[in-house]
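S.K.: Structure below; questions to follow.
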Amino acid sequence: AERPRDNFIYDIIDEDLEHGTYDGRVVTRFPPEPNGYLHIGHAKSIVLNFGIKHDYADRADTRCHLRFDDTNPDTESTEYVESIKEAVQWLGYDWEEHEYHASDYFEQFYQYAVTLIEQGDAYVDSLSEEEIREYRGTVDEPGTPSPYRDRSVEENLELFRKMRDGEFDDGEHVLRAKIDMSSPHMIMRDPLLFRIKHAHHYRRGDEWCIYPMYDYAHPLEDAIENITHSLCTLEFDNNRRVYDWVMEHCLDENELPSRPRQYEFNRLNLGYTVMSKTKLRHLIEEDLVGGWDDPRLPTISGLRRRGVPPSAIRSFCRTVGVTRSQSRVQIGHFEHALRDDLNAKAPRVMAVLDPLKVVATNVDADAVDWIDANHWPRDIDKDETRPVPFTREFYIERDDFREDPPEDFIRLAPGREVRLRHAYFFTCEEVVRDEDGVVTELRGTIDPETRDSTAPDGRSPEGTLHWVSAAHGLPFEARLYDRLFEVPDPDARDEHFTEFLNPDSLNVRQGVLEPAVRDLEADQRVQFERQGYFWPDPEASRPDALVYNQIVPLRDTWGE
Ligand code: ATP
Ligand code: MG
Ligand code: MG
């Protein structure tokens, strides 16, 4: 595979391979917490970590672990574990036998903590959560050591054992690293390693009532699994100090040369949507969207249901840039990758989403003219065709007709001639209205000499319209999706974020579709000419009641 664009991690790995830092091993991991479904931000991390496994396979001994970082009993579940595995697989990656659960390491986390206590590097603190915060001080002033900081090793060991044995309530004690209460880096002011939490864990049940903190558990997980390059997002920049401290104080010194290193890269942020699992879960629990696979969501399951191909997500993630500067990626960039991917995969068909009936008065009522129409435009090297029935009555988009057209309007108007895609030239001669003045039908004539879309006299109408036979068209529902939020940064609106939901994020249309779609695979992605890419909704569409999701419109409508 081609090397991804703009990716400094690859430079680091190149250098490590050159220097033989890890004896030719490159081991990465994707470490989700199973507390929700994955989103496209996670895809960036998946594509990065599994991409390294693939891209270096011919030069190094590569692996990528799927690790469930399940050290927090509150919000984790088997449902989420399963959904994460499904998403990684669907994206096209295989962790082989390397599935791990941090919750399998609880005993090791405990033992390493005992070692830290024995070394004098950790202590049991009995201050309250609030006191701990106060004692920690501020960036401008040093913290104050806890009065419990100088407990003896024996007392610490005994208290820590009792914490594990369930002799205390939540919050009564914590285990802290003994680092530096006046460090200019707040995170180094004796970070918490373990807390008491009497809660049921989805895998370990009630076996444990102390749980490790992220900053302590994560480096150990990496060390236990012999990870070489531990990649995380930029917010964890500061946490690297604790990461390195844990490595240096828990691991045997002669293991150090090959110890894992943490590198931080920019997270993927997209506008007009939310990407935190907590906020996504809120939308689902409050029924503000249809579920984790709602096609408007940036979740992998939502994108999948919408019709986004995994290859498009992969190529998008390989071009967004893995750098150390944070920025927002425009949705237009994602949609561009989508169109690029779908262009040569999606046969063209015609669908009218907002039908206006047209009658060609010089065509017999029972005549059916089957036209052999190409599924592909000229610039795509494919030549399948399909039969398209032309009949006296057909539909065009209501939008493609104006009674009083503005000057630059080149589509249909009274007295105008247009080309019907793959078929005849048609001239509008009469406009039929109902009693409210609404146009209900157009009448006119075709030029029978223009069946192949050209005229013997060489004239060429400016406008070309898509259309569908009224007699043969299939009624269907089209679901068009717009931005889920009205503001570019709903994530920044904290708990008020749902006030900014776009009430028109779902647009349902009753349209007509050319009959040849019946001959395509049930899950075939198609381009509705002049509209966009669509596919049948895998949940809602039935042979006798077709429902198509718009994957992406043909033109960029974001104006970012
Ligand atoms: P959330 O707040 O949505 O739960 P998280 O970062 O806590 O996100 P994790 O399950 O811990 O979710 O994430 C697993 C991996 O995916 C982590 O290594 C994390 O850095 C990465 N990741 C999460 N969100 C993004 C993002 N927007 N862009 C890139 N990587 C991300
Ligand atoms: Mg997390
Ligand atoms: Mg999080």
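Residues are referred to by chain and number: the chain letter is A, B, ... according to the order shown in the structure tokens, the number counts from 1 in that chain, and ligands are numbered separately from 1 in the order shown.
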Which residues are near ligand 2 - at most 9 Å, using only C-alpha atoms and all ligand atoms? Format: as a PyMOL selection string.
M.R.: chain A and resi 31-33+35+69+214
S.K.: Taking only C-alpha atoms and all ligand atoms into account, produce a table as a Markdown table in which each residue of chain A with an atom at most 8 Å from an atom of ligand 3 appears once, together with its shortest atom pair and the distance in Å to one decimal, ordered by chain and rising number.
M.R.:
| residue | atom | partner | partner_atom_place_in_ligand_line | distance |
| --- | --- | --- | --- | --- |
| A:Ser276 | CA | ligand 3 | 1 (Mg) | 6.5 |
| A:Lys277 | CA | ligand 3 | 1 (Mg) | 6.8 |
| A:Thr278 | CA | ligand 3 | 1 (Mg) | 7.4 |
S.K.: Measuring atom to atom with only C-alpha atoms and all ligand atoms, identify which of A:Val322, A:Ala57, A:Ile196, A:Leu157 is nearest to ligand 1.
M.R.: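 Of the candidates, the smallest distance to ligand 1 is held by A:Val322.
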S.K.: Within 10 Å of ligand 1, which residues of chain A show up? Give each one with its shortest atom-to-atom distance in Å (one decimal) and the two atoms involved, counting only C-alpha atoms and all ligand atoms, rows by chain then rising residue number, as CSV.
M.R.:
residue,atom,partner,partner_atom_place_in_ligand_line,distance
A:Arg29,CA,ligand 1,18 (O),8.2
A:Phe30,CA,ligand 1,15 (C),5.9
A:Pro31,CA,ligand 1,14 (C),4.9
A:Pro32,CA,ligand 1,10 (O),3.2
A:Glu33,CA,ligand 1,10 (O),3.9
A:Pro34,CA,ligand 1,10 (O),6.4
A:Asn35,CA,ligand 1,4 (O),7.0
A:Gly36,CA,ligand 1,4 (O),7.1
A:Tyr37,CA,ligand 1,3 (O),8.7
A:Leu38,CA,ligand 1,10 (O),7.5
A:His39,CA,ligand 1,24 (N),7.5
A:Ile40,CA,ligand 1,27 (N),7.1
A:Gly41,CA,ligand 1,27 (N),3.4
A:His42,CA,ligand 1,16 (O),4.4
A:Ala43,CA,ligand 1,30 (N),7.1
A:Lys44,CA,ligand 1,29 (C),5.1
A:Ser45,CA,ligand 1,30 (N),4.6
A:Ile46,CA,ligand 1,16 (O),7.3
A:Val47,CA,ligand 1,30 (N),9.7
A:Leu48,CA,ligand 1,30 (N),9.0
A:Asn49,CA,ligand 1,18 (O),9.3
A:Arg67,CA,ligand 1,14 (C),9.2
A:Phe68,CA,ligand 1,10 (O),8.2
A:Asp69,CA,ligand 1,11 (O),7.3
A:Asp70,CA,ligand 1,10 (O),9.3
A:Ile84,CA,ligand 1,10 (O),9.4
A:Tyr214,CA,ligand 1,11 (O),9.7
A:Ser230,CA,ligand 1,18 (O),8.5
A:Leu231,CA,ligand 1,18 (O),6.4
A:Cys232,CA,ligand 1,20 (O),4.2
A:Thr233,CA,ligand 1,20 (O),4.4
A:Leu234,CA,ligand 1,20 (O),8.1
A:Glu235,CA,ligand 1,20 (O),8.6
A:Phe236,CA,ligand 1,20 (O),8.3
A:Glu264,CA,ligand 1,20 (O),8.4
A:Phe265,CA,ligand 1,29 (C),7.8
A:Asn266,CA,ligand 1,29 (C),6.7
A:Arg267,CA,ligand 1,28 (N),3.4
A:Leu268,CA,ligand 1,28 (N),3.8
A:Asn269,CA,ligand 1,27 (N),5.6
A:Leu270,CA,ligand 1,27 (N),8.4
A:Val274,CA,ligand 1,3 (O),8.9
A:Met275,CA,ligand 1,3 (O),5.6
A:Ser276,CA,ligand 1,3 (O),3.3
A:Lys277,CA,ligand 1,3 (O),3.8
A:Thr278,CA,ligand 1,4 (O),6.3
A:Lys279,CA,ligand 1,3 (O),8.0
A:Leu280,CA,ligand 1,3 (O),8.1
A:Arg281,CA,ligand 1,3 (O),9.6
A:Cys317,CA,ligand 1,29 (C),9.5
A:Val322,CA,ligand 1,29 (C),9.2
S.K.: Residues of the last selection are to be written out with C-alpha atoms, as a compact mmCIF listing (two decimals), in the first residue's frame.
M.R.:
# COMPACT_ATOMS: atom_id res chain seq x y z
CA ARG A 29 -2.66 -1.46 19.56
CA PHE A 30 -6.12 0.00 19.21
CA PRO A 31 -7.38 0.38 22.80
CA PRO A 32 -11.05 1.41 22.96
CA GLU A 33 -12.97 1.53 26.17
CA PRO A 34 -16.13 -0.54 25.55
CA ASN A 35 -18.47 2.21 26.71
CA GLY A 36 -20.18 2.98 23.41
CA TYR A 37 -20.06 2.42 19.68
CA LEU A 38 -17.08 3.57 17.67
CA HIS A 39 -17.15 6.70 15.54
CA ILE A 40 -15.16 8.01 12.63
CA GLY A 41 -12.61 9.53 15.03
CA HIS A 42 -11.83 6.03 16.24
CA ALA A 43 -11.53 4.98 12.60
CA LYS A 44 -8.59 7.34 12.27
CA SER A 45 -6.87 5.53 15.13
CA ILE A 46 -7.82 2.09 13.74
CA VAL A 47 -6.53 2.93 10.28
CA LEU A 48 -3.33 4.33 11.78
CA ASN A 49 -2.62 1.38 14.06
CA ARG A 67 -7.33 -4.19 23.40
CA PHE A 68 -10.43 -3.43 25.37
CA ASP A 69 -9.43 -0.86 27.91
CA ASP A 70 -12.10 -2.01 30.32
CA ILE A 84 -16.44 -2.57 18.45
CA TYR A 214 -6.03 5.27 33.28
CA SER A 230 1.66 3.43 21.79
CA LEU A 231 -0.30 5.99 19.81
CA CYS A 232 -2.87 8.26 21.39
CA THR A 233 -4.40 11.65 20.79
CA LEU A 234 -2.84 14.99 21.70
CA GLU A 235 -4.86 15.58 24.90
CA PHE A 236 -2.65 12.91 26.44
CA GLU A 264 0.48 11.72 20.46
CA PHE A 265 -1.21 12.75 17.25
CA ASN A 266 -4.05 15.10 16.34
CA ARG A 267 -7.53 13.76 16.88
CA LEU A 268 -10.02 13.83 14.06
CA ASN A 269 -12.65 16.52 14.56
CA LEU A 270 -15.48 17.02 12.10
CA VAL A 274 -20.48 15.25 18.05
CA MET A 275 -17.81 12.65 18.51
CA SER A 276 -17.70 11.81 22.16
CA LYS A 277 -19.24 8.51 23.11
CA THR A 278 -20.89 10.17 26.09
CA LYS A 279 -22.68 12.72 23.92
CA LEU A 280 -23.58 10.11 21.33
CA ARG A 281 -25.00 7.88 24.06
CA CYS A 317 -8.27 8.44 7.20
CA VAL A 322 -1.32 12.43 11.39
S.K.: Identify, on the basis of only C-alpha atoms, every residue whose closest approach to region 352-366 of chain A does not exceed 10 Å; exclude the query and any residue fewer than 3 positions from it along the same chain; express the result as number ranges by chain.
M.R.: A: 369, 390-401, 426-432, 439-448, 466-471, 473, 475-479, 508-514, 528-531
S.K.: Using DSSP on the backbone coordinates, identify all residues within region 65-222 of chain A classified as strand (DSSP E or B); present the result as a PyMOL selection string.
M.R.: chain A and resi 65-68+99-101+122-125+138+141+174-177+192-196+201+205+210-212
S.K.: To one decimal in Å, tell me the separation between CA of Leu127 (chain A) and CA of Arg195 (chain A).
M.R.: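 Here the two named atoms are 12.1 Å from each other.
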S.K.: I'd like the contact shell of Ala540 (chain A) - 10 Å cut-off, only C-alpha atoms, skipping same-chain residues fewer than 5 positions apart - returned as a list in words.
M.R.: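 Listed by chain and then number, they are Glu477, Ala545, Leu546, Val547, Tyr548 and Asn549 of chain A.
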S.K.: Per DSSP on the backbone, filter region 278-308 of chain A down to the residues in alpha helix (DSSP H) and report them as a PDB file with N, CA and C atoms, in the first residue's frame.
M.R.:
ATOM      1  N   THR A 278     -19.926   9.734  25.081  1.00  0.00           N
ATOM      2  CA  THR A 278     -20.888  10.174  26.087  1.00  0.00           C
ATOM      3  C   THR A 278     -22.011  10.979  25.437  1.00  0.00           C
ATOM      4  N   LYS A 279     -21.652  11.905  24.571  1.00  0.00           N
ATOM      5  CA  LYS A 279     -22.681  12.717  23.916  1.00  0.00           C
ATOM      6  C   LYS A 279     -23.500  11.872  22.945  1.00  0.00           C
ATOM      7  N   LEU A 280     -22.842  10.975  22.248  1.00  0.00           N
ATOM      8  CA  LEU A 280     -23.583  10.105  21.333  1.00  0.00           C
ATOM      9  C   LEU A 280     -24.583   9.244  22.113  1.00  0.00           C
ATOM     10  N   ARG A 281     -24.121   8.727  23.254  1.00  0.00           N
ATOM     11  CA  ARG A 281     -25.003   7.882  24.055  1.00  0.00           C
ATOM     12  C   ARG A 281     -26.210   8.692  24.541  1.00  0.00           C
ATOM     13  N   HIS A 282     -25.982   9.938  24.865  1.00  0.00           N
ATOM     14  CA  HIS A 282     -27.069  10.810  25.299  1.00  0.00           C
ATOM     15  C   HIS A 282     -28.115  10.963  24.189  1.00  0.00           C
ATOM     16  N   LEU A 283     -27.673  11.188  22.959  1.00  0.00           N
ATOM     17  CA  LEU A 283     -28.608  11.334  21.833  1.00  0.00           C
ATOM     18  C   LEU A 283     -29.477  10.092  21.680  1.00  0.00           C
ATOM     19  N   ILE A 284     -28.863   8.933  21.914  1.00  0.00           N
ATOM     20  CA  ILE A 284     -29.598   7.684  21.736  1.00  0.00           C
ATOM     21  C   ILE A 284     -30.549   7.443  22.903  1.00  0.00           C
ATOM     22  N   GLU A 285     -30.026   7.669  24.117  1.00  0.00           N
ATOM     23  CA  GLU A 285     -30.873   7.427  25.289  1.00  0.00           C
ATOM     24  C   GLU A 285     -32.064   8.379  25.343  1.00  0.00           C
ATOM     25  N   ILE A 300     -19.478   4.396  13.296  1.00  0.00           N
ATOM     26  CA  ILE A 300     -19.155   3.466  12.211  1.00  0.00           C
ATOM     27  C   ILE A 300     -20.444   2.758  11.771  1.00  0.00           C
ATOM     28  N   SER A 301     -21.284   2.370  12.740  1.00  0.00           N
ATOM     29  CA  SER A 301     -22.507   1.656  12.356  1.00  0.00           C
ATOM     30  C   SER A 301     -23.481   2.576  11.622  1.00  0.00           C
ATOM     31  N   GLY A 302     -23.476   3.871  11.954  1.00  0.00           N
ATOM     32  CA  GLY A 302     -24.325   4.826  11.237  1.00  0.00           C
ATOM     33  C   GLY A 302     -23.837   5.040   9.815  1.00  0.00           C
ATOM     34  N   LEU A 303     -22.532   5.202   9.664  1.00  0.00           N
ATOM     35  CA  LEU A 303     -21.966   5.413   8.326  1.00  0.00           C
ATOM     36  C   LEU A 303     -22.180   4.175   7.468  1.00  0.00           C
ATOM     37  N   ARG A 304     -22.036   3.017   8.117  1.00  0.00           N
ATOM     38  CA  ARG A 304     -22.226   1.759   7.403  1.00  0.00           C
ATOM     39  C   ARG A 304     -23.655   1.633   6.887  1.00  0.00           C
ATOM     40  N   ARG A 305     -24.595   1.939   7.771  1.00  0.00           N
ATOM     41  CA  ARG A 305     -25.994   1.832   7.370  1.00  0.00           C
ATOM     42  C   ARG A 305     -26.341   2.875   6.311  1.00  0.00           C
ATOM     43  N   ARG A 306     -25.713   4.006   6.402  1.00  0.00           N
ATOM     44  CA  ARG A 306     -25.969   5.052   5.416  1.00  0.00           C
ATOM     45  C   ARG A 306     -25.515   4.626   4.027  1.00  0.00           C
TER      46      ARG A 306
END
S.K.: Please measure the separation of CA of Leu420 (chain A) and CA of Ser453 (chain A), giving the value in Å to one decimal.
M.R.: 7.5 Å
